[in-house]
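Just query13.cif here, mmCIF, C-alpha atoms (C1' of nucleotides):
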```cif
data_my_file
loop_
_atom_site.label_atom_id
_atom_site.label_comp_id
_atom_site.auth_asym_id
_atom_site.auth_seq_id
_atom_site.Cartn_x
_atom_site.Cartn_y
_atom_site.Cartn_z
CA MET O 1 0.00 0.00 0.00
CA PRO O 2 1.76 3.11 -1.23
CA ARG O 3 1.49 6.62 0.11
CA GLN O 4 0.97 6.36 3.85
CA VAL O 5 -2.12 8.34 4.74
CA ASP O 6 -4.24 8.05 7.88
CA HIS O 7 -7.66 7.59 6.38
CA GLU O 8 -9.46 7.81 9.69
CA GLU O 9 -7.81 11.08 10.52
CA ARG O 10 -8.82 12.57 7.19
CA ARG O 11 -12.37 11.41 7.49
CA ARG O 12 -12.56 12.83 10.98
CA ARG O 13 -11.19 16.15 9.89
CA ILE O 14 -13.78 16.38 7.14
CA ALA O 15 -16.56 15.13 9.41
CA GLU O 16 -15.76 17.84 11.93
CA ALA O 17 -16.20 20.45 9.23
CA VAL O 18 -19.61 18.95 8.48
CA TRP O 19 -20.58 19.20 12.16
CA ARG O 20 -19.51 22.79 12.47
CA LEU O 21 -21.45 23.83 9.40
CA ALA O 22 -24.53 21.83 10.38
CA GLU O 23 -24.47 23.29 13.87
CA ARG O 24 -24.07 26.80 12.56
CA SER O 25 -26.80 26.79 9.95
CA GLY O 26 -28.33 23.39 9.30
CA LEU O 27 -27.82 20.76 6.65
CA GLU O 28 -28.91 23.22 4.01
CA GLU O 29 -25.52 24.91 4.14
CA VAL O 30 -23.57 21.68 4.20
CA THR O 31 -22.52 21.75 0.55
CA LEU O 32 -19.45 19.98 -0.76
CA ARG O 33 -17.73 23.26 -1.46
CA GLN O 34 -18.49 24.72 1.97
CA VAL O 35 -17.31 21.60 3.73
CA ALA O 36 -14.10 21.56 1.71
CA THR O 37 -13.41 25.19 2.55
CA GLU O 38 -14.25 24.67 6.23
CA ALA O 39 -12.04 21.59 6.45
CA GLY O 40 -9.26 23.24 4.50
CA VAL O 41 -9.00 20.48 1.90
CA PRO O 42 -9.67 20.45 -1.84
CA ALA O 43 -13.24 19.54 -2.71
CA ARG O 44 -12.02 16.47 -4.51
CA GLN O 45 -11.04 14.81 -1.24
CA LEU O 46 -14.61 14.73 0.00
CA GLN O 47 -15.45 12.66 -3.05
CA TYR O 48 -12.48 10.41 -2.46
CA TYR O 49 -13.07 9.74 1.23
CA PHE O 50 -16.85 9.68 1.37
CA GLY O 51 -18.27 9.42 -2.12
CA SER O 52 -21.50 11.29 -2.65
CA ARG O 53 -22.91 14.08 -0.48
CA GLU O 54 -25.45 11.69 0.98
CA GLN O 55 -22.70 9.33 2.11
CA LEU O 56 -20.76 12.24 3.52
CA LEU O 57 -23.70 13.26 5.68
CA LEU O 58 -24.18 9.68 6.84
CA GLY O 59 -20.50 9.11 7.53
CA ALA O 60 -20.15 12.36 9.45
CA LEU O 61 -23.13 11.38 11.60
CA GLU O 62 -21.66 7.96 12.38
CA ILE O 63 -18.37 9.46 13.46
CA LEU O 64 -20.20 11.98 15.62
CA ASN O 65 -22.18 9.27 17.35
CA ALA O 66 -19.19 7.04 17.94
CA ASP O 67 -17.41 10.06 19.35
CA ALA O 68 -20.23 10.97 21.70
CA GLU O 69 -20.61 7.41 22.89
CA SER O 70 -16.95 6.94 23.78
CA ARG O 71 -16.90 10.33 25.45
CA ALA O 72 -20.01 9.48 27.46
CA SER O 73 -18.84 6.10 28.65
CA ARG O 74 -15.48 7.58 29.63
CA ARG O 75 -17.33 10.19 31.67
CA ILE O 76 -19.72 7.90 33.54
CA GLY O 77 -17.33 5.00 33.87
CA GLY O 78 -16.01 6.04 37.27
CA THR O 79 -19.04 6.02 39.52
CA GLY O 80 -20.35 2.88 41.19
CA ASP O 81 -23.35 3.97 43.25
CA PRO O 82 -26.50 3.23 41.23
CA ARG O 83 -28.17 6.43 42.24
CA GLU O 84 -25.19 8.52 41.18
CA LEU O 85 -25.04 6.48 37.99
CA VAL O 86 -28.64 7.30 37.14
CA ARG O 87 -27.93 10.96 37.59
CA ALA O 88 -24.76 10.78 35.51
CA VAL O 89 -26.57 9.07 32.64
CA LEU O 90 -29.27 11.72 32.64
CA LEU O 91 -26.85 14.61 32.77
CA GLU O 92 -25.14 13.12 29.75
CA LEU O 93 -28.27 14.02 27.79
CA LEU O 94 -27.91 17.73 28.54
CA PRO O 95 -25.74 20.06 26.44
CA LEU O 96 -23.34 20.75 29.29
CA ASP O 97 -20.23 21.24 27.20
CA GLU O 98 -19.26 22.18 23.69
CA HIS O 99 -19.16 18.57 22.49
CA ARG O 100 -22.58 17.62 23.74
CA ARG O 101 -24.06 20.86 22.53
CA ARG O 102 -22.69 20.27 19.06
CA GLN O 103 -23.80 16.67 19.04
CA GLN O 104 -27.33 17.56 20.01
CA VAL O 105 -27.67 20.46 17.60
CA VAL O 106 -26.38 18.34 14.75
CA HIS O 107 -28.84 15.63 15.69
CA ALA O 108 -31.60 18.21 15.53
CA ALA O 109 -30.40 19.20 12.07
CA TYR O 110 -30.69 15.57 10.94
CA PHE O 111 -34.00 14.93 12.67
CA VAL O 112 -36.39 15.35 9.75
CA ARG O 113 -34.10 13.09 7.75
CA PHE O 114 -34.45 10.44 10.43
CA LEU O 115 -38.20 10.56 10.03
CA ALA O 116 -38.01 10.15 6.28
CA ASP O 117 -35.52 7.28 6.23
CA GLU O 118 -36.75 4.18 8.05
CA ALA O 119 -33.26 2.65 8.30
CA LEU O 120 -31.95 5.81 9.93
CA ALA O 121 -34.97 5.98 12.21
CA ALA O 122 -34.34 2.45 13.42
CA SER O 123 -30.73 3.19 14.31
CA VAL O 124 -31.79 6.37 16.10
CA ARG O 125 -34.30 4.47 18.20
CA GLU O 126 -31.64 2.07 19.43
CA GLY O 127 -29.80 4.57 21.59
CA PRO O 128 -32.71 5.70 23.77
CA GLN O 129 -34.02 2.15 24.04
CA ALA O 130 -30.71 0.85 25.34
CA LEU O 131 -30.51 3.80 27.69
CA GLU O 132 -33.99 3.11 28.96
CA GLY O 133 -33.12 -0.51 29.70
CA LEU O 134 -29.98 0.51 31.53
CA LEU O 135 -31.80 3.11 33.59
CA ALA O 136 -34.62 0.73 34.44
CA ALA O 137 -32.13 -1.86 35.70
CA LEU O 138 -30.42 0.74 37.85
CA LEU O 139 -33.73 1.96 39.25
CA ARG O 140 -34.75 -1.55 40.20
CA GLN O 141 -31.44 -1.82 42.00
CA VAL O 142 -32.14 1.30 44.01
CA ASP O 143 -35.76 0.57 44.84
CA PRO O 144 -37.47 -2.64 43.68
CA GLY O 145 -40.83 -1.10 44.50
CA LEU O 146 -40.65 1.36 41.61
CA ASP O 147 -42.30 0.98 38.23
CA ALA O 148 -38.81 0.98 36.78
CA GLU O 149 -39.70 1.03 33.07
CA ALA O 150 -42.11 3.93 33.39
CA GLU O 151 -39.81 5.94 35.64
CA ALA O 152 -36.85 5.36 33.33
CA ALA O 153 -38.89 6.51 30.35
CA LEU O 154 -40.06 9.59 32.27
CA LEU O 155 -36.54 10.51 33.32
CA ILE O 156 -35.25 10.24 29.77
CA ALA O 157 -38.18 12.29 28.52
CA VAL O 158 -37.43 14.97 31.12
CA ALA O 159 -33.74 15.13 30.26
CA SER O 160 -34.22 15.17 26.50
CA GLY O 161 -37.14 17.55 26.83
CA LEU O 162 -34.81 19.96 28.60
CA GLN O 163 -32.40 19.98 25.67
CA PRO O 164 -34.17 22.53 23.47
CA PRO O 165 -34.79 25.15 26.17
CA VAL O 166 -31.18 24.90 27.32
CA LEU O 167 -29.89 25.14 23.76
CA LEU O 168 -32.14 28.14 23.15
CA GLY O 169 -30.94 29.83 26.31
CA GLN O 170 -34.35 29.67 27.94
CA TYR O 171 -33.00 27.66 30.88
CA ALA O 172 -29.51 27.88 32.27
CA PRO O 173 -27.79 24.48 32.48
CA GLY O 174 -27.98 24.72 36.27
CA GLN O 175 -31.76 25.11 36.15
CA ALA O 176 -32.08 22.01 34.01
CA ILE O 177 -29.90 20.04 36.40
CA ALA O 178 -31.97 21.26 39.32
CA LEU O 179 -35.15 20.04 37.64
CA ILE O 180 -33.68 16.61 37.05
CA ASP O 181 -32.53 16.50 40.67
CA HIS O 182 -36.02 17.51 41.75
CA GLN O 183 -37.53 14.56 39.89
CA LEU O 184 -34.84 12.19 41.18
CA ALA O 185 -35.29 13.35 44.77
CA ARG O 186 -39.02 12.65 44.60
CA LEU O 187 -38.36 9.26 43.07
CA PHE O 188 -35.87 8.25 45.72
CA ALA O 189 -37.63 9.95 48.64
CA ALA O 190 -39.27 6.78 49.92
CA ARG O 191 -35.98 4.87 49.85
CA GLU O 192 -34.02 7.68 51.48
CA GLN O 193 -35.34 7.39 55.04
CA PRO O 194 -37.15 4.08 55.30
CA MET T 1 -58.59 48.20 -5.37
CA PRO T 2 -59.10 46.21 -8.55
CA ARG T 3 -59.12 42.44 -9.00
CA GLN T 4 -60.64 40.93 -5.90
CA VAL T 5 -58.23 38.30 -4.59
CA ASP T 6 -58.15 36.83 -1.11
CA HIS T 7 -54.54 37.44 -0.13
CA GLU T 8 -54.76 35.45 3.06
CA GLU T 9 -56.13 32.47 1.26
CA ARG T 10 -53.30 32.56 -1.29
CA ARG T 11 -50.67 32.91 1.35
CA ARG T 12 -52.14 30.02 3.30
CA ARG T 13 -52.25 27.82 0.25
CA ILE T 14 -48.57 28.51 -0.42
CA ALA T 15 -47.62 28.16 3.23
CA GLU T 16 -49.25 24.74 3.36
CA ALA T 17 -47.06 23.64 0.49
CA VAL T 18 -44.03 24.82 2.45
CA TRP T 19 -45.12 22.79 5.48
CA ARG T 20 -45.68 19.64 3.47
CA LEU T 21 -42.27 19.86 1.84
CA ALA T 22 -40.52 20.73 5.10
CA GLU T 23 -42.23 17.85 6.87
CA ARG T 24 -41.35 15.44 4.12
CA SER T 25 -37.69 16.24 3.73
CA GLY T 26 -36.56 19.31 5.65
CA LEU T 27 -35.96 22.93 4.70
CA GLU T 28 -33.28 21.83 2.28
CA GLU T 29 -35.93 20.77 -0.23
CA VAL T 30 -38.07 23.86 0.25
CA THR T 31 -37.02 25.63 -2.92
CA LEU T 32 -39.14 28.19 -4.69
CA ARG T 33 -39.71 25.86 -7.61
CA GLN T 34 -40.68 22.92 -5.43
CA VAL T 35 -43.05 25.02 -3.38
CA ALA T 36 -44.66 26.41 -6.51
CA THR T 37 -45.17 22.93 -7.93
CA GLU T 38 -46.49 21.58 -4.63
CA ALA T 39 -48.89 24.49 -4.23
CA GLY T 40 -49.93 24.32 -7.86
CA VAL T 41 -49.20 27.97 -8.57
CA PRO T 42 -46.68 29.63 -10.87
CA ALA T 43 -43.35 30.36 -9.17
CA ARG T 44 -43.86 34.03 -9.71
CA GLN T 45 -46.68 34.10 -7.13
CA LEU T 46 -44.33 33.14 -4.32
CA GLN T 47 -42.34 36.24 -5.11
CA TYR T 48 -45.46 38.35 -5.24
CA TYR T 49 -47.01 37.16 -1.99
CA PHE T 50 -43.94 36.61 0.15
CA GLY T 51 -40.93 38.26 -1.46
CA SER T 52 -37.68 36.40 -0.96
CA ARG T 53 -37.26 32.77 0.05
CA GLU T 54 -36.26 33.82 3.54
CA GLN T 55 -39.49 35.77 3.96
CA LEU T 56 -41.43 32.83 2.59
CA LEU T 57 -39.96 30.54 5.23
CA LEU T 58 -40.70 33.05 7.96
CA GLY T 59 -44.21 33.76 6.75
CA ALA T 60 -45.05 30.08 6.46
CA LEU T 61 -43.85 29.53 10.01
CA GLU T 62 -45.96 32.37 11.35
CA ILE T 63 -49.08 31.04 9.68
CA LEU T 64 -48.33 27.58 11.04
CA ASN T 65 -47.98 28.89 14.58
CA ALA T 66 -51.13 30.98 14.42
CA ASP T 67 -52.94 27.94 13.11
CA ALA T 68 -51.69 25.66 15.85
CA GLU T 69 -52.52 28.18 18.53
CA SER T 70 -56.09 28.72 17.43
CA ARG T 71 -56.56 24.98 17.00
CA ALA T 72 -55.15 24.37 20.49
CA SER T 73 -57.24 26.96 22.27
CA ARG T 74 -60.34 25.70 20.50
CA ARG T 75 -59.53 22.19 21.72
CA ILE T 76 -58.87 22.99 25.39
CA GLY T 77 -61.45 25.73 25.67
CA GLY T 78 -64.23 23.46 26.91
CA THR T 79 -62.88 22.03 30.13
CA GLY T 80 -63.13 23.83 33.45
CA ASP T 81 -61.58 21.51 36.01
CA PRO T 82 -57.96 22.65 36.61
CA ARG T 83 -56.67 19.13 36.75
CA GLU T 84 -58.29 18.21 33.44
CA LEU T 85 -57.00 21.48 32.04
CA VAL T 86 -53.42 20.64 32.98
CA ARG T 87 -53.73 17.32 31.24
CA ALA T 88 -55.29 18.88 28.14
CA VAL T 89 -52.50 21.43 27.87
CA LEU T 90 -49.87 18.72 28.10
CA LEU T 91 -51.53 16.46 25.56
CA GLU T 92 -51.58 19.40 23.20
CA LEU T 93 -47.79 19.05 23.05
CA LEU T 94 -47.96 15.51 21.69
CA PRO T 95 -48.31 14.74 17.97
CA LEU T 96 -51.73 13.16 18.39
CA ASP T 97 -53.14 14.12 15.02
CA GLU T 98 -51.94 15.06 11.58
CA HIS T 99 -51.91 18.79 12.33
CA ARG T 100 -49.86 18.56 15.49
CA ARG T 101 -47.52 16.05 13.92
CA ARG T 102 -46.90 18.37 11.00
CA GLN T 103 -46.48 21.37 13.22
CA GLN T 104 -43.91 19.65 15.39
CA VAL T 105 -41.93 18.16 12.54
CA VAL T 106 -41.81 21.52 10.78
CA HIS T 107 -40.64 23.12 14.01
CA ALA T 108 -37.88 20.53 14.18
CA ALA T 109 -36.89 21.41 10.64
CA TYR T 110 -36.58 25.07 11.66
CA PHE T 111 -34.83 24.37 14.95
CA VAL T 112 -31.21 24.99 13.95
CA ARG T 113 -32.39 28.21 12.34
CA PHE T 114 -33.92 29.26 15.66
CA LEU T 115 -30.54 28.82 17.32
CA ALA T 116 -28.76 30.91 14.74
CA ASP T 117 -31.22 33.82 14.70
CA GLU T 118 -31.61 35.52 18.05
CA ALA T 119 -34.86 37.24 17.06
CA LEU T 120 -36.38 33.91 16.09
CA ALA T 121 -35.04 32.28 19.24
CA ALA T 122 -36.73 34.91 21.37
CA SER T 123 -40.10 34.38 19.74
CA VAL T 124 -39.72 30.62 20.12
CA ARG T 125 -39.01 30.97 23.83
CA GLU T 126 -42.23 32.90 24.37
CA GLY T 127 -44.54 29.97 23.78
CA PRO T 128 -43.12 27.57 26.38
CA GLN T 129 -42.70 30.37 28.89
CA ALA T 130 -46.33 31.38 28.63
CA LEU T 131 -47.32 27.74 28.86
CA GLU T 132 -45.21 27.29 31.94
CA GLY T 133 -46.83 30.24 33.65
CA LEU T 134 -50.28 28.96 32.80
CA LEU T 135 -49.50 25.47 34.05
CA ALA T 136 -47.94 26.77 37.24
CA ALA T 137 -51.04 28.82 37.99
CA LEU T 138 -53.25 25.80 37.42
CA LEU T 139 -51.07 23.62 39.62
CA ARG T 140 -51.22 26.14 42.45
CA GLN T 141 -54.98 26.02 42.12
CA VAL T 142 -55.01 22.24 42.47
CA ASP T 143 -52.54 22.03 45.34
CA PRO T 144 -50.96 25.13 46.88
CA GLY T 145 -48.37 22.89 48.55
CA LEU T 146 -46.64 22.11 45.27
CA ASP T 147 -43.51 23.75 43.92
CA ALA T 148 -45.65 24.89 41.04
CA GLU T 149 -42.92 26.43 38.85
CA ALA T 150 -40.67 23.40 39.04
CA GLU T 151 -43.50 20.93 38.49
CA ALA T 152 -44.82 22.90 35.54
CA ALA T 153 -41.36 22.96 33.97
CA LEU T 154 -40.97 19.23 34.54
CA LEU T 155 -44.33 18.42 33.00
CA ILE T 156 -43.55 20.47 29.93
CA ALA T 157 -40.16 18.82 29.66
CA VAL T 158 -41.79 15.39 29.86
CA ALA T 159 -44.37 16.17 27.21
CA SER T 160 -41.96 17.79 24.80
CA GLY T 161 -39.37 15.12 25.48
CA LEU T 162 -41.92 12.53 24.40
CA GLN T 163 -42.36 14.21 21.03
CA PRO T 164 -39.34 12.74 19.24
CA PRO T 165 -39.90 9.11 20.29
CA VAL T 166 -43.56 9.31 19.30
CA LEU T 167 -42.71 10.90 15.96
CA LEU T 168 -40.08 8.24 15.35
CA GLY T 169 -42.51 5.49 16.19
CA GLN T 170 -40.57 4.40 19.25
CA TYR T 171 -43.55 5.00 21.54
CA ALA T 172 -47.16 4.66 20.55
CA PRO T 173 -49.19 7.80 21.35
CA GLY T 174 -51.01 5.82 24.03
CA GLN T 175 -47.76 5.01 25.79
CA ALA T 176 -46.78 8.65 25.85
CA ILE T 177 -50.15 9.61 27.29
CA ALA T 178 -49.81 6.89 29.92
CA LEU T 179 -46.43 8.29 30.97
CA ILE T 180 -47.86 11.77 31.34
CA ASP T 181 -50.75 10.39 33.36
CA HIS T 182 -48.28 8.51 35.55
CA GLN T 183 -46.44 11.74 36.34
CA LEU T 184 -49.71 13.60 36.93
CA ALA T 185 -51.07 10.89 39.18
CA ARG T 186 -47.97 11.04 41.37
CA LEU T 187 -48.19 14.81 41.49
CA PHE T 188 -51.83 14.84 42.52
CA ALA T 189 -51.67 11.77 44.75
CA ALA T 190 -51.43 13.75 47.99
CA ARG T 191 -54.42 15.91 47.06
CA GLU T 192 -56.53 13.01 45.87
CA GLN T 193 -57.35 11.48 49.28
CA PRO T 194 -56.39 14.00 51.91
"C1'" DC D 1 -65.53 54.77 -20.94
"C1'" DG D 2 -60.72 55.09 -20.32
"C1'" DC D 3 -57.11 54.58 -16.94
"C1'" DG D 4 -54.29 53.56 -13.21
"C1'" DT D 5 -53.75 50.13 -9.75
"C1'" DT D 6 -53.21 45.28 -8.81
"C1'" DG D 7 -52.32 40.75 -9.94
"C1'" DT D 8 -50.40 37.04 -13.35
"C1'" DG D 9 -47.50 34.43 -16.30
"C1'" DG D 10 -43.30 33.49 -18.56
"C1'" DT D 11 -38.51 34.28 -19.31
"C1'" DT D 12 -33.90 35.21 -18.24
"C1'" DC D 13 -29.63 35.86 -15.57
"C1'" DG D 14 -25.53 35.08 -12.87
"C1'" DG D 15 -24.18 31.90 -9.63
"C1'" DT D 16 -23.73 27.58 -7.28
"C1'" DC D 17 -24.90 22.95 -6.86
"C1'" DG D 18 -23.28 17.68 -6.89
"C1'" DG D 19 -20.68 14.74 -9.32
"C1'" DA D 20 -17.74 12.96 -13.30
"C1'" DC D 21 -13.47 13.08 -15.46
"C1'" DC D 22 -8.44 13.09 -16.31
"C1'" DA D 23 -3.73 13.82 -15.64
"C1'" DT D 24 -0.15 13.35 -12.43
"C1'" DA D 25 2.40 12.90 -8.04
"C1'" DA D 26 3.81 9.83 -4.31
"C1'" DC D 27 5.17 5.63 -2.67
"C1'" DA D 28 5.58 0.11 -1.59
"C1'" DC D 29 6.94 -3.61 -3.80
"C1'" DG D 30 8.98 -6.96 -7.28
"C1'" DC H 1 15.03 0.50 -10.85
"C1'" DG H 2 10.80 0.25 -12.97
"C1'" DT H 3 5.86 -0.46 -12.20
"C1'" DG H 4 1.38 -0.62 -10.55
"C1'" DT H 5 -1.52 0.87 -6.80
"C1'" DT H 6 -3.04 4.78 -4.11
"C1'" DA H 7 -3.86 9.40 -3.43
"C1'" DT H 8 -4.31 14.21 -5.15
"C1'" DG H 9 -5.41 18.35 -7.73
"C1'" DG H 10 -7.80 20.87 -10.98
"C1'" DT H 11 -11.41 21.30 -14.30
"C1'" DC H 12 -15.66 20.75 -16.49
"C1'" DC H 13 -20.67 19.71 -17.07
"C1'" DG H 14 -25.62 19.80 -16.97
"C1'" DA H 15 -29.02 20.93 -13.60
"C1'" DC H 16 -31.03 23.82 -10.59
"C1'" DC H 17 -30.93 27.70 -7.51
"C1'" DG H 18 -33.12 32.55 -6.03
"C1'" DA H 19 -34.37 36.62 -7.87
"C1'" DA H 20 -35.06 40.28 -11.31
"C1'" DC H 21 -37.45 41.67 -15.15
"C1'" DC H 22 -41.08 42.52 -18.57
"C1'" DA H 23 -45.40 42.35 -20.97
"C1'" DC H 24 -50.04 42.02 -20.23
"C1'" DA H 25 -54.71 40.66 -18.19
"C1'" DA H 26 -58.21 41.98 -14.99
"C1'" DC H 27 -60.89 45.14 -12.69
"C1'" DG H 28 -62.63 49.38 -9.53
"C1'" DC H 29 -62.99 54.09 -9.83
"C1'" DG H 30 -63.36 58.79 -11.64
#
```
Entire entry expressed as structure tokens:
Amino acid sequence: MPRQVDHEERRRRIAEAVWRLAERSGLEEVTLRQVATEAGVPARQLQYYFGSREQLLLGALEILNADAESRASRRIGGTGDPRELVRAVLLELLPLDEHRRRQQVVHAAYFVRFLADEALAASVREGPQALEGLLAALLRQVDPGLDAEAEAALLIAVASGLQPPVLLGQYAPGQAIALIDHQLARLFAAREQP
Amino acid sequence: MPRQVDHEERRRRIAEAVWRLAERSGLEEVTLRQVATEAGVPARQLQYYFGSREQLLLGALEILNADAESRASRRIGGTGDPRELVRAVLLELLPLDEHRRRQQVVHAAYFVRFLADEALAASVREGPQALEGLLAALLRQVDPGLDAEAEAALLIAVASGLQPPVLLGQYAPGQAIALIDHQLARLFAAREQP
DNA sequence: CGCGTTGTGGTTCGGTCGGACCATAACACG
DNA sequence: CGTGTTATGGTCCGACCGAACCACAACGCG
């Protein structure tokens, strides 16, 4: 194999340009030329490393998701207490740093596309479903008396429902966290002082 | 004024074409030509009734919001019981019929644009804020002991957080309603049998 | 009955789009 | 030291974009 080039690094560099543009002004502005300019590479490379525009959008999304997942698991890996773990998982859904903000805005930019493409929709459903299972298991661990599935679903709905207002600046991140803590405190109240 | 033409009716007809296209495949596909074809009018009329593409997108959004608001107030107008009213307001946030589904998908398509344009962002924040105030007032009426602001914010977060999974087909509408009822039941439990 | 306002249709323009194409440079390997 | 694979760059094409422009049809009013 001649000409040593780190394909992954190139693809990542280009994908990051896609994210920045999508975050700034939606998929509409993610044209091959704009991406090339933003990434600082000739337009031809996008064709070489991703193929068509459609594949570029898909590839950039995959890299973003893989990125977010590894970042998330690195962040929650430490804690052991189930109750702390539940909280950590939920906070992961809020745009509390630049990476998560970008990831969530880009997801929003893709959202209508998810609806239109059943294959995409299926892969998007996986994440929340896995998260819901994990949360339910943790909740059962904390208090077997809970309706774990329903409470897990509610908590995820709360956290993801807080995304837009935080992104829009309607709530400060601290307010969103306080609301999640409010819901968690009520949920765990019975178990707290038995 | 010669040539009697119902401007509002024309604008609505064109706006509906914008919604359908935006719902189907995002703002990216909302081009003047596509809108004209979809609405069944010559492209020139879009220019005449809205001006530029940007103004068309804005105008279509305004009409959509006015529509949704009148439809919503007509739907919840009947009930008097505060507790029923709270539930009705929350269910209004779910995509339970074609109109609400369309409205919410179109909003999703505009979302990144909201983030980029501060004026738009401000107008988008108004709705939820007013809703939150209304809900908080109702909650205080039901049970003065509640932290009405926090509970109102949580309920709205739950309902709006349930939008994406319902739209994606992850939850059936009935499941989403059940989750909201679960949260409401817990909230009102103390008041139920004093 | 003109006549000026208002609405309509079609056409055109400069620019940008995604993607195809081709020549060539860089390098691992026989 | 060729030589073939891999990577790169520049260029070109037909299609479509938003928007401007123009000629004219319809109609209320003086």
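The nearest approach to chain H among the residues O:Ser52, O:Gln47, O:Ser160, O:Gln104, with only C-alpha atoms (C1' of nucleotides) taken into account, belongs to O:Gln47.
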TODO: Around the point (-46.5, 40.6, -22.1) in the file's coordinates, collect all residues with an atom within 12 Å, using all atoms listed in the file, and return them as a ChimeraX atom specification.
DONE: /D:8-11 /H:21-25
- [ ] Might you pull out every residue within 9 Å of Leu131 of chain O, with only C-alpha atoms (C1' of nucleotides) counted and same-chain residues fewer than 4 positions away left off, and present them as a PyMOL selection string?
- [x] chain O and resi 89+126-127+135-136+152+156
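Applied to this file, the PyMOL selection byres ((chain O and resi 82) around 10) selects Thr79, Gly80, Asp81, Arg83, Glu84, Leu85, Val86, Arg87, Ala88, Leu135, Ala137, Leu138, Leu139, Arg140, Gln141 and Val142 of chain O.
You can rank O:Leu32, O:Leu90, O:Ile14, O:Ala176 by their closest distance to chain T using all atoms listed in the file, and at the top of that list sits O:Ala176.
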Please provide as a compact mmCIF listing (two decimals) with C-alpha atoms (C1' of nucleotides), keeping the file's coordinate frame all residues within 12 Å of segment 21-23 of chain D, with the sequence filter that same-chain residues fewer than 3 positions apart are discarded (counting only C-alpha atoms (C1' of nucleotides)).
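part-v5.txt written:
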```
# COMPACT_ATOMS: atom_id res chain seq x y z
CA ARG O 44 -12.02 16.47 -4.51
C1' DT H 8 -4.31 14.21 -5.15
C1' DG H 9 -5.41 18.35 -7.73
C1' DG H 10 -7.80 20.87 -10.98
C1' DT H 11 -11.41 21.30 -14.30
C1' DC H 12 -15.66 20.75 -16.49
C1' DC H 13 -20.67 19.71 -17.07
```
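For the atom pair formed by atom CA of Ala109 of chain O and atom C1' of DG18 of chain H, the distance is 22.7 Å, given to one decimal.
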- [ ] Excluding DG14 of chain D and residues on its chain fewer than 4 positions from it, collect all residues at most 12 Å away from it, counting all atoms listed in the file, and give them as a ChimeraX atom specification.
- [x] /H:17-20
Missing atoms in segment 133-145 of chain T: fill them in up to N, CA and C atoms and send the result as a compact mmCIF listing (two decimals), in the coordinates of the input.
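The resulting file, selection-v7.txt, is reproduced below:
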```txt
# COMPACT_ATOMS: atom_id res chain seq x y z
N GLY T 133 -46.11 29.39 32.71
CA GLY T 133 -46.83 30.24 33.65
C GLY T 133 -48.26 29.76 33.84
N LEU T 134 -48.90 29.45 32.74
CA LEU T 134 -50.28 28.96 32.80
C LEU T 134 -50.37 27.68 33.62
N LEU T 135 -49.49 26.74 33.33
CA LEU T 135 -49.50 25.47 34.05
C LEU T 135 -49.24 25.68 35.54
N ALA T 136 -48.28 26.54 35.84
CA ALA T 136 -47.94 26.77 37.24
C ALA T 136 -49.15 27.32 38.00
N ALA T 137 -49.85 28.25 37.35
CA ALA T 137 -51.04 28.82 37.99
C ALA T 137 -52.08 27.74 38.25
N LEU T 138 -52.28 26.88 37.27
CA LEU T 138 -53.25 25.80 37.42
C LEU T 138 -52.84 24.85 38.55
N LEU T 139 -51.55 24.55 38.60
CA LEU T 139 -51.07 23.62 39.62
C LEU T 139 -51.29 24.20 41.02
N ARG T 140 -51.01 25.49 41.15
CA ARG T 140 -51.22 26.14 42.45
C ARG T 140 -52.68 26.03 42.87
N GLN T 141 -53.54 26.11 41.86
CA GLN T 141 -54.98 26.02 42.12
C GLN T 141 -55.35 24.63 42.64
N VAL T 142 -54.71 23.62 42.08
CA VAL T 142 -55.01 22.24 42.47
C VAL T 142 -54.45 21.95 43.86
N ASP T 143 -53.21 22.35 44.08
CA ASP T 143 -52.54 22.03 45.34
C ASP T 143 -51.51 23.11 45.66
N PRO T 144 -51.86 24.01 46.55
CA PRO T 144 -50.96 25.13 46.88
C PRO T 144 -49.64 24.65 47.49
N GLY T 145 -49.59 23.40 47.92
CA GLY T 145 -48.37 22.89 48.55
C GLY T 145 -47.27 22.56 47.55
```
